[in-house]
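> Below is the file my_file33.txt, which contains compact mmCIF, C-alpha atoms.
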```
# COMPACT_ATOMS: atom_id res chain seq x y z
CA MET A 294 -50.16 -38.85 26.34
CA GLN A 295 -47.34 -40.86 24.81
CA GLU A 296 -44.16 -40.72 26.91
CA ILE A 297 -41.09 -39.37 25.12
CA PRO A 298 -38.19 -41.86 25.29
CA GLN A 299 -35.51 -40.77 27.76
CA ASN A 300 -32.65 -41.11 25.27
CA LEU A 301 -34.53 -39.02 22.73
CA ASN A 302 -35.12 -36.31 25.33
CA LYS A 303 -31.41 -36.28 26.22
CA ASN A 304 -30.48 -36.08 22.58
CA ASN A 305 -32.84 -33.14 22.06
CA GLN A 306 -31.27 -31.36 25.02
CA LEU A 307 -27.81 -31.91 23.56
CA MET A 308 -28.85 -30.58 20.17
CA SER A 309 -30.57 -27.60 21.76
CA LYS A 310 -27.40 -26.75 23.66
CA LEU A 311 -25.32 -27.02 20.51
CA LEU A 312 -27.76 -24.74 18.68
CA ILE A 313 -27.61 -22.18 21.50
CA LEU A 314 -23.80 -22.29 21.46
CA SER A 315 -23.76 -21.77 17.70
CA ILE A 316 -25.91 -18.67 18.13
CA LEU A 317 -23.62 -17.39 20.89
CA VAL A 318 -20.57 -17.93 18.69
CA ILE A 319 -22.21 -15.84 15.97
CA ILE A 320 -23.16 -13.08 18.44
CA SER A 321 -19.60 -12.93 19.80
CA TRP A 322 -18.17 -12.94 16.29
CA VAL A 323 -20.47 -10.07 15.26
CA ALA A 324 -19.06 -8.08 18.20
CA THR A 325 -15.56 -8.41 16.69
CA MET A 326 -16.95 -7.17 13.37
CA PHE A 327 -17.83 -3.87 15.07
CA VAL A 328 -14.13 -3.57 15.90
CA ARG A 329 -13.36 -3.98 12.18
CA GLY A 330 -15.66 -1.02 11.54
CA ILE A 331 -13.65 1.04 14.03
CA ILE A 332 -10.44 -0.04 12.27
CA GLN A 333 -11.85 1.22 8.99
CA ASP A 334 -12.71 4.58 10.58
CA ARG A 335 -9.20 4.90 12.01
CA GLU A 336 -7.66 4.03 8.64
CA ASN A 337 -9.80 6.70 7.01
CA ASN A 338 -8.60 9.20 9.62
CA GLN A 339 -5.01 8.17 8.92
CA GLU A 340 -5.48 8.62 5.16
CA THR A 341 -7.05 12.03 5.72
CA THR A 342 -4.15 13.08 7.94
CA THR A 343 -1.62 11.73 5.42
CA THR A 344 -3.30 13.70 2.63
CA GLU A 345 -3.27 16.88 4.72
CA ILE A 346 0.43 16.48 5.51
CA SER A 347 1.17 15.79 1.83
CA GLU A 348 -0.74 18.92 0.85
CA GLN A 349 1.37 20.98 3.23
CA TRP A 350 4.76 19.31 2.59
CA SER A 351 4.48 18.15 -1.03
CA ARG A 352 2.50 15.45 -2.80
CA PRO A 353 3.87 12.25 -4.38
CA GLN A 354 6.15 13.31 -7.23
CA ILE A 355 6.27 12.25 -10.89
CA ILE A 356 9.22 13.59 -12.91
CA ALA A 357 9.19 13.72 -16.72
CA GLY A 358 11.72 15.22 -19.07
CA PRO A 359 13.41 17.34 -20.14
CA VAL A 360 11.51 17.63 -23.41
CA ILE A 361 12.06 20.14 -26.23
CA THR A 362 9.06 21.81 -27.84
CA ILE A 363 9.51 23.95 -30.97
CA PRO A 364 6.78 26.15 -32.54
CA ILE A 365 5.97 25.47 -36.21
CA GLU A 366 4.10 27.89 -38.48
CA LYS A 367 2.19 26.29 -41.32
CA THR A 368 0.85 28.55 -44.06
CA SER A 369 -2.11 27.63 -46.23
CA VAL A 370 -3.76 29.61 -49.05
CA THR A 371 -7.53 29.73 -49.44
CA SER A 372 -9.35 29.68 -52.76
CA THR A 373 -9.55 33.46 -52.58
CA GLY A 374 -5.80 33.76 -52.22
CA GLU A 375 -5.85 34.61 -48.53
CA LYS A 376 -2.95 33.24 -46.51
CA ILE A 377 -3.76 31.59 -43.17
CA VAL A 378 -0.98 30.85 -40.70
CA ASN A 379 -1.56 28.07 -38.16
CA THR A 380 0.84 27.45 -35.30
CA THR A 381 1.49 23.98 -33.98
CA THR A 382 4.26 22.41 -31.91
CA LEU A 383 7.00 19.91 -32.61
CA THR A 384 7.81 17.77 -29.55
CA LEU A 385 11.22 16.07 -29.28
CA LEU A 386 12.07 13.48 -26.61
CA PRO A 387 15.61 12.83 -25.33
CA GLN A 388 17.85 10.27 -26.99
CA LYS A 389 19.55 9.36 -23.72
CA LEU A 390 18.03 10.12 -20.31
CA SER A 391 19.51 9.35 -16.90
CA TYR A 392 18.38 10.18 -13.36
CA GLU A 393 20.31 9.73 -10.15
CA SER A 394 18.95 10.58 -6.74
CA GLN A 395 19.73 10.19 -3.06
CA ILE A 396 16.41 10.13 -1.16
CA GLU A 397 16.42 11.08 2.52
CA SER A 398 13.25 10.06 4.32
CA GLN A 399 11.62 11.16 7.53
CA LEU A 400 8.33 10.63 9.34
CA LEU A 401 6.05 13.58 10.06
CA THR A 402 3.72 12.94 12.99
CA ARG A 403 0.31 14.41 13.63
CA GLY A 404 -1.53 12.95 16.61
CA VAL A 405 -1.00 9.18 16.47
CA TYR A 406 -0.42 9.09 12.71
CA ASP A 407 2.90 9.03 10.84
CA THR A 408 3.40 10.06 7.22
CA PRO A 409 6.64 9.31 5.32
CA VAL A 410 8.07 12.28 3.41
CA TYR A 411 11.40 12.79 1.69
CA THR A 412 13.90 15.29 0.36
CA SER A 413 16.13 14.57 -2.63
CA HIS A 414 18.27 15.99 -5.41
CA ILE A 415 17.35 14.73 -8.86
CA ASN A 416 20.51 14.74 -10.96
CA GLY A 417 19.48 14.41 -14.60
CA SER A 418 21.59 14.13 -17.71
CA GLY A 419 21.35 13.01 -21.33
CA ASN A 420 21.15 14.36 -24.86
CA PHE A 421 18.84 15.31 -27.70
CA ASP A 422 19.58 14.21 -31.25
CA LEU A 423 18.10 16.52 -33.91
CA ARG A 424 18.82 13.93 -36.58
CA ASP A 425 15.73 12.12 -35.31
CA ILE A 426 13.59 14.95 -36.72
CA GLU A 427 12.68 14.20 -40.32
CA LEU A 428 11.12 17.60 -40.90
CA LYS A 429 12.61 20.61 -42.67
CA SER A 430 11.52 24.17 -43.18
CA SER A 431 9.85 24.89 -46.51
CA ALA A 432 7.78 27.57 -48.21
CA ASP A 433 4.65 26.61 -46.29
CA THR A 434 6.33 25.21 -43.12
CA LYS A 435 8.54 27.35 -40.90
CA ILE A 436 10.25 25.77 -37.87
CA LEU A 437 10.96 28.49 -35.29
CA TRP A 438 14.23 27.08 -33.96
CA ASP A 439 15.02 30.30 -32.07
CA GLN A 440 11.82 29.97 -30.00
CA ALA A 441 12.39 26.44 -28.69
CA VAL A 442 11.55 25.59 -25.09
CA VAL A 443 12.98 22.94 -22.79
CA SER A 444 10.50 21.71 -20.17
CA ILE A 445 10.70 19.40 -17.16
CA ASN A 446 7.37 18.28 -15.76
CA VAL A 447 7.06 17.86 -11.99
CA SER A 448 3.69 16.81 -10.61
CA ASP A 449 3.89 19.13 -7.58
CA THR A 450 6.21 22.10 -8.12
CA ARG A 451 5.84 23.17 -4.48
CA GLY A 452 8.38 20.44 -3.80
CA ILE A 453 11.09 22.31 -5.78
CA SER A 454 12.80 23.96 -2.84
CA SER A 455 15.08 26.37 -4.73
CA MET A 456 15.81 27.72 -8.20
CA PHE A 457 18.08 25.61 -10.39
CA ASP A 458 19.71 25.79 -13.82
CA LEU A 459 19.69 23.56 -16.85
CA THR A 460 23.05 23.16 -18.57
CA LEU A 461 22.64 22.71 -22.35
CA ASN A 462 25.83 22.32 -24.41
CA ASN A 463 27.83 24.08 -21.69
CA SER A 464 25.40 27.04 -21.54
CA LYS A 465 23.35 27.56 -18.39
CA TYR A 466 19.66 28.47 -18.43
CA GLN A 467 17.62 29.27 -15.34
CA MET A 468 14.45 27.20 -15.13
CA LEU A 469 11.23 29.21 -14.86
CA PRO A 470 7.78 28.21 -13.54
CA SER A 471 5.31 26.14 -15.64
CA SER A 472 5.95 23.55 -18.33
CA GLU A 473 5.38 23.92 -22.06
CA PHE A 474 5.14 20.15 -22.58
CA SER A 475 1.39 20.33 -23.11
CA THR A 476 0.83 16.58 -23.48
CA LEU A 477 1.13 16.49 -19.70
CA ASP A 478 -0.29 19.28 -17.58
CA LYS A 479 1.48 22.61 -17.08
CA SER A 480 2.96 21.59 -13.73
CA GLY A 481 6.72 21.88 -14.00
CA VAL A 482 9.46 24.26 -15.15
CA HIS A 483 10.82 25.50 -18.48
CA THR A 484 13.43 27.65 -20.11
CA ASN A 485 13.63 29.31 -23.53
CA ILE A 486 16.52 28.37 -25.79
CA ALA A 487 17.67 28.96 -29.36
CA ILE A 488 18.54 25.87 -31.38
CA ASP A 489 20.96 25.72 -34.27
CA PRO A 490 19.47 23.13 -36.66
CA ASP A 491 22.92 22.49 -38.10
CA GLN A 492 24.09 21.21 -34.73
CA SER A 493 22.63 17.74 -34.29
CA ASN A 494 23.57 16.90 -30.69
CA TYR A 495 22.54 18.79 -27.56
CA THR A 496 23.68 17.45 -24.19
CA PHE A 497 21.99 18.52 -20.98
CA SER A 498 22.31 18.17 -17.22
CA PHE A 499 20.54 19.57 -14.17
CA ALA A 500 20.35 19.14 -10.40
CA MET A 501 16.84 19.71 -9.08
CA PRO A 502 16.18 19.87 -5.30
CA LEU A 503 12.87 18.14 -4.71
CA LYS A 504 10.60 17.31 -1.77
CA GLY A 505 7.72 14.86 -1.83
CA SER A 506 5.72 12.36 0.18
CA ARG A 507 5.11 8.62 -0.01
CA GLU A 508 6.13 8.07 -3.67
CA ILE A 509 8.60 9.23 -6.29
CA SER A 510 8.16 8.15 -9.92
CA PHE A 511 9.68 8.79 -13.34
CA LEU A 512 8.50 8.62 -16.95
CA PRO A 513 10.77 6.74 -19.42
CA LEU A 514 10.83 9.39 -22.16
CA GLY A 515 14.33 8.64 -23.47
CA GLU A 516 15.26 6.16 -26.18
CA ASP A 517 17.27 4.73 -23.30
CA THR A 518 16.25 5.68 -19.77
CA ASP A 519 18.39 4.86 -16.73
CA VAL A 520 17.37 5.57 -13.14
CA ALA A 521 19.48 5.00 -10.03
CA LEU A 522 17.95 5.61 -6.59
CA MET A 523 19.47 5.33 -3.13
CA SER A 524 17.56 5.87 0.10
CA ASP A 525 17.66 5.26 3.84
CA TRP A 526 14.09 3.86 3.72
CA LYS A 527 14.20 0.21 4.76
CA ALA A 528 10.91 -1.04 3.32
CA PRO A 529 10.59 0.19 -0.29
CA SER A 530 7.64 -0.76 -2.46
CA PHE A 531 8.62 -0.69 -6.13
CA THR A 532 5.67 0.56 -8.14
CA GLY A 533 4.57 1.21 -11.70
CA GLU A 534 5.11 -0.29 -15.12
CA PHE A 535 8.73 -1.43 -14.62
CA LEU A 536 10.57 -3.19 -11.80
CA PRO A 537 14.24 -2.47 -11.04
CA THR A 538 16.79 -4.45 -13.01
CA GLU A 539 18.96 -4.46 -9.89
CA ARG A 540 18.13 -3.87 -6.26
CA ASN A 541 19.89 -4.13 -2.92
CA LEU A 542 18.04 -3.94 0.39
CA ASN A 543 19.84 -3.86 3.74
CA GLU A 544 19.57 -2.40 7.23
CA SER A 545 20.73 1.03 6.06
CA GLY A 546 18.16 1.37 3.24
CA PHE A 547 18.04 0.35 -0.40
CA GLU A 548 19.63 0.90 -3.79
CA ALA A 549 17.79 0.27 -7.06
CA THR A 550 18.48 0.81 -10.76
CA TRP A 551 16.22 0.71 -13.81
CA LYS A 552 17.28 0.39 -17.46
CA ILE A 553 14.47 0.91 -19.97
CA THR A 554 14.87 0.88 -23.74
CA SER A 555 12.71 2.38 -26.46
CA TYR A 556 10.92 -0.96 -26.74
CA GLY A 557 9.72 -0.51 -23.20
CA LYS A 558 8.58 3.08 -23.52
CA ASN A 559 6.82 2.41 -26.87
CA LEU A 560 6.68 6.10 -27.87
CA PRO A 561 7.72 7.95 -31.02
CA GLN A 562 10.87 10.01 -30.67
CA TYR A 563 9.10 13.14 -31.91
CA TRP A 564 5.70 14.22 -33.14
CA VAL A 565 3.99 17.32 -34.50
CA GLY A 566 0.87 18.68 -32.88
CA SER A 567 -1.16 16.18 -30.91
CA TYR A 568 -0.33 12.51 -31.39
CA SER A 569 -3.27 10.11 -31.19
CA THR A 570 -1.49 7.50 -29.05
CA VAL A 571 0.33 9.99 -26.82
CA ASP A 572 -1.80 11.69 -24.18
CA ASN A 573 -1.66 12.44 -20.48
CA ASP A 574 -3.13 9.11 -19.36
CA SER A 575 -1.02 6.96 -21.67
CA LEU A 576 2.17 8.69 -20.52
CA LEU A 577 1.34 8.48 -16.81
CA SER A 578 0.54 4.78 -17.20
CA LYS A 579 4.24 4.22 -17.99
CA ALA A 580 5.44 5.76 -14.71
CA PHE A 581 7.64 3.71 -12.40
CA GLY A 582 9.44 4.34 -9.15
CA VAL A 583 9.29 3.56 -5.47
CA GLY A 584 6.79 4.03 -2.67
CA LEU A 585 7.85 4.76 0.90
CA TYR A 586 5.28 2.75 2.82
CA GLN A 587 5.28 1.00 6.15
CA GLU A 588 6.09 -2.70 5.60
CA VAL A 589 2.79 -3.71 7.25
CA ASP A 590 1.09 -0.94 9.18
CA PHE A 591 -0.55 -1.74 12.50
CA TYR A 592 -4.10 -1.25 11.20
CA THR A 593 -3.48 -3.99 8.67
CA MET A 594 -2.15 -6.26 11.41
CA VAL A 595 -5.14 -5.65 13.70
CA ASP A 596 -7.56 -6.15 10.82
CA ARG A 597 -5.90 -9.44 9.89
CA SER A 598 -6.05 -10.60 13.50
CA THR A 599 -9.84 -10.07 13.65
CA LYS A 600 -10.24 -12.55 10.81
CA TYR A 601 -9.22 -15.30 13.23
CA SER A 602 -11.69 -14.24 15.94
CA ILE A 603 -14.25 -16.88 14.94
CA LEU A 604 -11.56 -19.54 15.50
CA PHE A 605 -10.72 -18.21 18.99
CA ILE A 606 -14.35 -18.05 20.05
CA THR A 607 -15.19 -21.48 18.66
CA LEU A 608 -12.20 -23.22 20.26
CA THR A 609 -12.84 -21.60 23.65
CA PHE A 610 -16.52 -22.51 23.57
CA LEU A 611 -15.62 -26.01 22.41
CA THR A 612 -13.31 -26.45 25.40
CA PHE A 613 -16.07 -25.31 27.77
CA PHE A 614 -18.52 -27.68 26.09
CA MET A 615 -16.11 -30.62 26.41
CA TYR A 616 -15.88 -29.91 30.15
CA GLU A 617 -19.66 -30.02 30.27
CA VAL A 618 -19.82 -33.30 28.37
CA LEU A 619 -16.93 -35.11 30.04
CA SER A 620 -17.14 -33.73 33.57
CA GLY A 621 -20.85 -33.14 34.04
CA LEU A 622 -20.44 -29.38 34.61
CA ARG A 623 -23.34 -27.03 34.05
CA ILE A 624 -22.28 -23.82 32.28
CA HIS A 625 -25.01 -21.29 31.55
CA PRO A 626 -25.27 -19.69 28.08
CA VAL A 627 -24.77 -16.27 29.69
CA GLN A 628 -21.40 -17.45 30.97
CA TYR A 629 -20.47 -18.54 27.45
CA LEU A 630 -21.57 -15.14 26.15
CA LEU A 631 -19.48 -13.22 28.70
CA VAL A 632 -16.38 -15.17 27.69
CA GLY A 633 -17.18 -14.51 24.00
CA MET A 634 -17.49 -10.77 24.69
CA ALA A 635 -14.14 -10.83 26.51
CA ILE A 636 -12.50 -12.41 23.45
CA ALA A 637 -14.07 -9.74 21.23
CA LEU A 638 -12.77 -7.07 23.62
CA PHE A 639 -9.21 -8.25 22.92
CA TYR A 640 -9.32 -6.70 19.45
CA LEU A 641 -10.63 -3.37 20.74
CA LEU A 642 -7.87 -3.26 23.36
CA LEU A 643 -5.30 -4.15 20.71
CA LEU A 644 -6.51 -1.34 18.44
CA SER A 645 -6.55 1.18 21.31
CA PHE A 646 -2.99 0.45 22.44
CA VAL A 647 -1.40 -0.15 19.03
CA GLU A 648 -1.72 3.50 17.97
CA ILE A 649 0.23 4.60 21.05
CA ILE A 650 2.91 1.99 21.73
CA GLY A 651 3.20 -0.13 18.57
CA PHE A 652 1.96 -3.56 17.64
CA LEU A 653 4.07 -5.98 19.70
CA PRO A 654 3.73 -4.19 23.10
CA ALA A 655 0.00 -3.66 22.44
CA TYR A 656 -0.42 -7.32 21.53
CA LEU A 657 1.34 -8.46 24.71
CA ILE A 658 -0.70 -6.14 26.96
CA SER A 659 -4.01 -7.15 25.35
CA THR A 660 -3.13 -10.85 25.54
CA VAL A 661 -2.18 -10.68 29.21
CA ALA A 662 -5.27 -8.61 30.09
CA ILE A 663 -7.82 -10.84 28.34
CA THR A 664 -6.15 -14.13 29.35
CA THR A 665 -6.06 -13.01 33.00
CA LEU A 666 -9.69 -11.87 32.85
CA ILE A 667 -11.02 -15.10 31.32
CA THR A 668 -8.82 -17.36 33.51
CA GLY A 669 -9.95 -15.59 36.67
CA TYR A 670 -13.59 -15.87 35.59
CA CYS A 671 -13.14 -19.59 34.89
CA PHE A 672 -12.08 -20.22 38.51
CA GLY A 673 -15.74 -19.83 39.44
CA VAL A 674 -17.33 -21.18 36.26
CA LEU A 675 -15.33 -24.40 35.93
CA LYS A 676 -15.15 -25.13 39.69
CA ALA A 677 -11.48 -26.12 39.58
CA LYS A 678 -8.21 -24.22 39.26
CA LYS A 679 -6.75 -26.92 37.02
CA ARG A 680 -9.54 -26.42 34.46
CA ALA A 681 -9.25 -22.63 34.64
CA PHE A 682 -5.51 -22.78 34.07
CA ALA A 683 -6.13 -25.13 31.15
CA ILE A 684 -8.34 -22.45 29.56
CA GLY A 685 -5.65 -19.83 30.26
CA GLY A 686 -3.01 -22.05 28.68
CA LEU A 687 -5.23 -22.57 25.65
CA LEU A 688 -5.68 -18.82 25.19
CA ILE A 689 -1.96 -18.14 25.55
CA ALA A 690 -1.18 -20.83 22.98
CA LEU A 691 -3.80 -19.43 20.60
CA TYR A 692 -2.59 -15.84 20.91
CA ALA A 693 1.03 -16.94 20.45
CA TYR A 694 0.03 -18.93 17.37
CA LEU A 695 -1.96 -15.96 16.04
CA TYR A 696 1.06 -13.68 16.39
CA ILE A 697 3.14 -16.16 14.40
CA LEU A 698 0.43 -16.27 11.71
CA LEU A 699 0.40 -12.48 11.46
CA GLN A 700 4.17 -12.41 10.95
CA LEU A 701 4.20 -15.16 8.33
CA GLU A 702 1.88 -13.37 5.86
CA GLN A 703 2.28 -15.65 2.81
CA LEU A 704 2.34 -18.86 4.87
CA SER A 705 -0.49 -17.87 7.22
CA LEU A 706 -3.07 -19.98 5.34
CA LEU A 707 -0.87 -23.08 5.60
CA PHE A 708 -0.22 -22.69 9.32
CA GLY A 709 -3.87 -21.82 10.00
CA SER A 710 -4.98 -24.99 8.23
CA VAL A 711 -2.49 -27.04 10.23
CA LEU A 712 -3.91 -25.56 13.45
CA LEU A 713 -7.48 -26.47 12.50
CA PHE A 714 -6.38 -29.97 11.55
CA GLY A 715 -4.65 -30.36 14.92
CA VAL A 716 -7.70 -29.12 16.83
CA LEU A 717 -10.07 -31.43 14.99
CA THR A 718 -7.72 -34.37 15.50
CA THR A 719 -7.55 -33.65 19.24
CA VAL A 720 -11.33 -33.43 19.63
CA MET A 721 -11.87 -36.61 17.64
CA TYR A 722 -9.27 -38.44 19.74
CA ILE A 723 -10.72 -37.30 23.08
CA THR A 724 -14.29 -38.21 22.09
CA ARG A 725 -13.49 -41.38 20.12
CA ASN A 726 -15.02 -43.69 22.75
CA LEU A 727 -17.79 -41.31 23.84
CA ASP A 728 -21.35 -42.61 23.53
CA TRP A 729 -23.21 -39.43 22.67
CA TYR A 730 -26.61 -41.10 23.15
CA SER A 731 -25.84 -42.05 26.73
CA LEU A 732 -24.68 -38.58 27.86
CA ASN A 733 -26.15 -37.19 31.07
CA LYS A 734 -28.18 -34.03 30.81
CA ILE A 735 -25.80 -31.16 30.20
CA ASN A 736 -28.32 -28.49 31.18
CA LYS A 737 -31.24 -29.04 33.51
```
Please express the file's structure as C-alpha cells.

Amino acid sequence: MQEIPQNLNKNNQLMSKLLILSILVIISWVATMFVRGIIQDRENNQETTTTEISEQWSRPQIIAGPVITIPIEKTSVTSTGEKIVNTTTLTLLPQKLSYESQIESQLLTRGVYDTPVYTSHINGSGNFDLRDIELKSSADTKILWDQAVVSINVSDTRGISSMFDLTLNNSKYQMLPSSEFSTLDKSGVHTNIAIDPDQSNYTFSFAMPLKGSREISFLPLGEDTDVALMSDWKAPSFTGEFLPTERNLNESGFEATWKITSYGKNLPQYWVGSYSTVDNDSLLSKAFGVGLYQEVDFYTMVDRSTKYSILFITLTFLTFFMYEVLSGLRIHPVQYLLVGMAIALFYLLLLSFVEIIGFLPAYLISTVAITTLITGYCFGVLKAKKRAFAIGGLLIALYAYLYILLQLEQLSLLFGSVLLFGVLTTVMYITRNLDWYSLNKINK
C-alpha cells in the first residue's frame, strides 16, 4: 500500500478540524434562531394584550369633520305621467377647519406588557361657506335645508367620555350618537340643524373629550386644515399622508403643527349622492397624525442582538482554534459545542430578564453570567488562567461593542463592518508568518 505523505495527512487533519468547527458554528447559530422564535411568540402575546387593552379602553382614533349633509328630493315623471321622487344627499365640507388638542398619555400594564393610551380634548373650529354650493332648488329638485345634519366621525365612539355640544353661529346643538356622513362608516356623532340658504357663512366650534390608544389621526376635509397637537409623550411617531410643518421635541414631550391646503386634500368641496373618487378607503388614505410608540421596544432590541450571534460564535471559536494552532492545545469538538451553546444561552437569558427589569439591566446581567460561565470553563479547557482571561476579555469587548451597535441603529452597519475588518486584520497579522503546511497535529 502506498504511504500517504506526512504533510498531506497533517493538512487533511487541519481541513477536517476546520470542517467540524464550521458545522459546530452552524449548530450553535441554529440554537440562537430558536430564541428568535421565542421572541416572535412573545411579540405576538404583546400584540394580543395591546389589542385587548385597546378594546377595553378605546382603539386608535381617527377624527373627521364636521361635515354637513342635506337631503335632496329629485322628482322625475314617467311616460305614463307618474311622478317618482328620489332622495339623495348633498355633502358639504368645511371651508376652514382647525383642531387643537392636548394629549395626556399613560401606560396600562397587564402582566409584563405595557400599552400606551391617552386622554385628550379635541377643540375644533372653522366655518362652512354655502357659496361653494352651485345648486339651487327648482321644480324637479328640492333641497331640504331645514333637515340638514352636521356630523363628526370618530372611529371608536366609546372613547367619547361625555356628551358635548356643537356651537353653530352662536347656537348650541347637543351631539347625538351615530354619524350621517355615509361616505365613512356610521361611527361618530351628529346633530340636526336648519340652514338658511340666504346666509352664506356658518361658523362652528366644539370641544370633544376623547380617549384612545396608540394613535390619533385626522382627515384634512377643510379647504384649509390646521392641526396643533401637544403631548407629554417623549417618542412620537408621526404617521400618515402628511408630516408636521413644525415640530418640537424635548424632555417634557412634543408639540407639532400641520397646515394642509386644498391641494393636499385633493377633494371636491361638495358633491351630490356618491362621488366616484370619494369613498371610505380614499378618505382614510389621507389620514395623518401621531403614534404613541416605544422608541425601540425591548423585543426589537433582543431580536437585533441575535443577528450578531454568528459573529460572536465565530470569533470565539476562532480564538480557541488559534490557541490550538499556535500553542499546540487539543480542544475537543464537544468543548467547542458547549461554549457555542453558552453563547446561544445569552440571548435566552436576555429575553427572560428584559421583560422584567428592562433592557440595560438585563443586558448587564446576561453578559456577566455568560462571560463568567465561559471564562470559568476555559480555565480547564485552555490550561492557563491567562488564556481564559483573554477569552473573558474578548467576550466583554464583544458584548460592549454589541450594545453600542444596538444603540446606534442607523450606523450599526458601518460599525459592524469596521469590527469585522479589525478582526480579519488581527488574524492576518498574527498568522502572517505561519507555515500552515508545517503545523503539528491539532487533534490526535
> Please return, as a list in words, all polymer residues that have at least one atom within 8 Å of the point (11.8, 12.6, -34.9); use all atoms listed in the file and the file's own coordinate frame.
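Those within range, by chain then number, are Leu385, Leu423, Arg424, Asp425, Ile426, Glu427, Leu428, Pro561, Gln562, Tyr563 and Trp564 of chain A.
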> Kindly provide, as a PDB file with C-alpha atoms, in the coordinates of the input, the polymer residues lying within 10 Å of (-4.7, -5.4, 28.1), counting only C-alpha atoms and using the coordinates exactly as they appear in the file.

```pdb
ATOM      1  CA  LEU A 638     -12.770  -7.070  23.620  1.00  0.00           C
ATOM      2  CA  PHE A 639      -9.210  -8.250  22.920  1.00  0.00           C
ATOM      3  CA  TYR A 640      -9.320  -6.700  19.450  1.00  0.00           C
ATOM      4  CA  LEU A 641     -10.630  -3.370  20.740  1.00  0.00           C
ATOM      5  CA  LEU A 642      -7.870  -3.260  23.360  1.00  0.00           C
ATOM      6  CA  LEU A 643      -5.300  -4.150  20.710  1.00  0.00           C
ATOM      7  CA  SER A 645      -6.550   1.180  21.310  1.00  0.00           C
ATOM      8  CA  PHE A 646      -2.990   0.450  22.440  1.00  0.00           C
ATOM      9  CA  PRO A 654       3.730  -4.190  23.100  1.00  0.00           C
ATOM     10  CA  ALA A 655       0.000  -3.660  22.440  1.00  0.00           C
ATOM     11  CA  TYR A 656      -0.420  -7.320  21.530  1.00  0.00           C
ATOM     12  CA  LEU A 657       1.340  -8.460  24.710  1.00  0.00           C
ATOM     13  CA  ILE A 658      -0.700  -6.140  26.960  1.00  0.00           C
ATOM     14  CA  SER A 659      -4.010  -7.150  25.350  1.00  0.00           C
ATOM     15  CA  THR A 660      -3.130 -10.850  25.540  1.00  0.00           C
ATOM     16  CA  VAL A 661      -2.180 -10.680  29.210  1.00  0.00           C
ATOM     17  CA  ALA A 662      -5.270  -8.610  30.090  1.00  0.00           C
ATOM     18  CA  ILE A 663      -7.820 -10.840  28.340  1.00  0.00           C
ATOM     19  CA  THR A 664      -6.150 -14.130  29.350  1.00  0.00           C
ATOM     20  CA  THR A 665      -6.060 -13.010  33.000  1.00  0.00           C
ATOM     21  CA  LEU A 666      -9.690 -11.870  32.850  1.00  0.00           C
TER      22      LEU A 666
END
```
> Do you have the atom CA of A:Thr484-atom CA of A:Val443 distance handy?
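We find that atom CA of A:Thr484 and atom CA of A:Val443 lie 5.4 Å from each other.
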> So how far away is atom CA of A:Glu393 from atom CA of A:Pro513, in Å?
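Computing it gives 13.6 Å between the two atoms.
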> Between A:Ile363, A:Pro470, A:Thr532, A:Asn543, which is the closest to A:Pro490 once you count all atoms listed in the file?
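Of the candidates, the smallest distance to A:Pro490 is held by A:Ile363.
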> Work out how far atom CA of A:Ala677 is from atom CA of A:Ile603, in Å to one decimal.
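We find that atom CA of A:Ile603 and atom CA of A:Ala677 lie 26.5 Å from each other.
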> Using all atoms listed in the file, which of the listed residues (A:Phe531, A:Trp350, A:Phe591, A:Phe497) sits closest to A:Tyr406?
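Among the listed residues, the smallest separation from A:Tyr406 belongs to A:Phe591.
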> With a distance cut-off of 12 Å and only C-alpha atoms, select the neighbouring residues of A:Leu707, excluding the residue or stretch itself and same-chain residues fewer than 6 positions from it, and output the selection as number ranges by chain.
A: 697-698, 701, 713-714
> Can you tell me, as a list of chain:residue names, what residues are no more than 6 Å from A:Thr518 when counting all atoms listed in the file, ignoring any on the same chain fewer than 5 positions away?
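Selected residues are A:Leu390, A:Ser391, A:Pro513, A:Lys552, A:Ile553.
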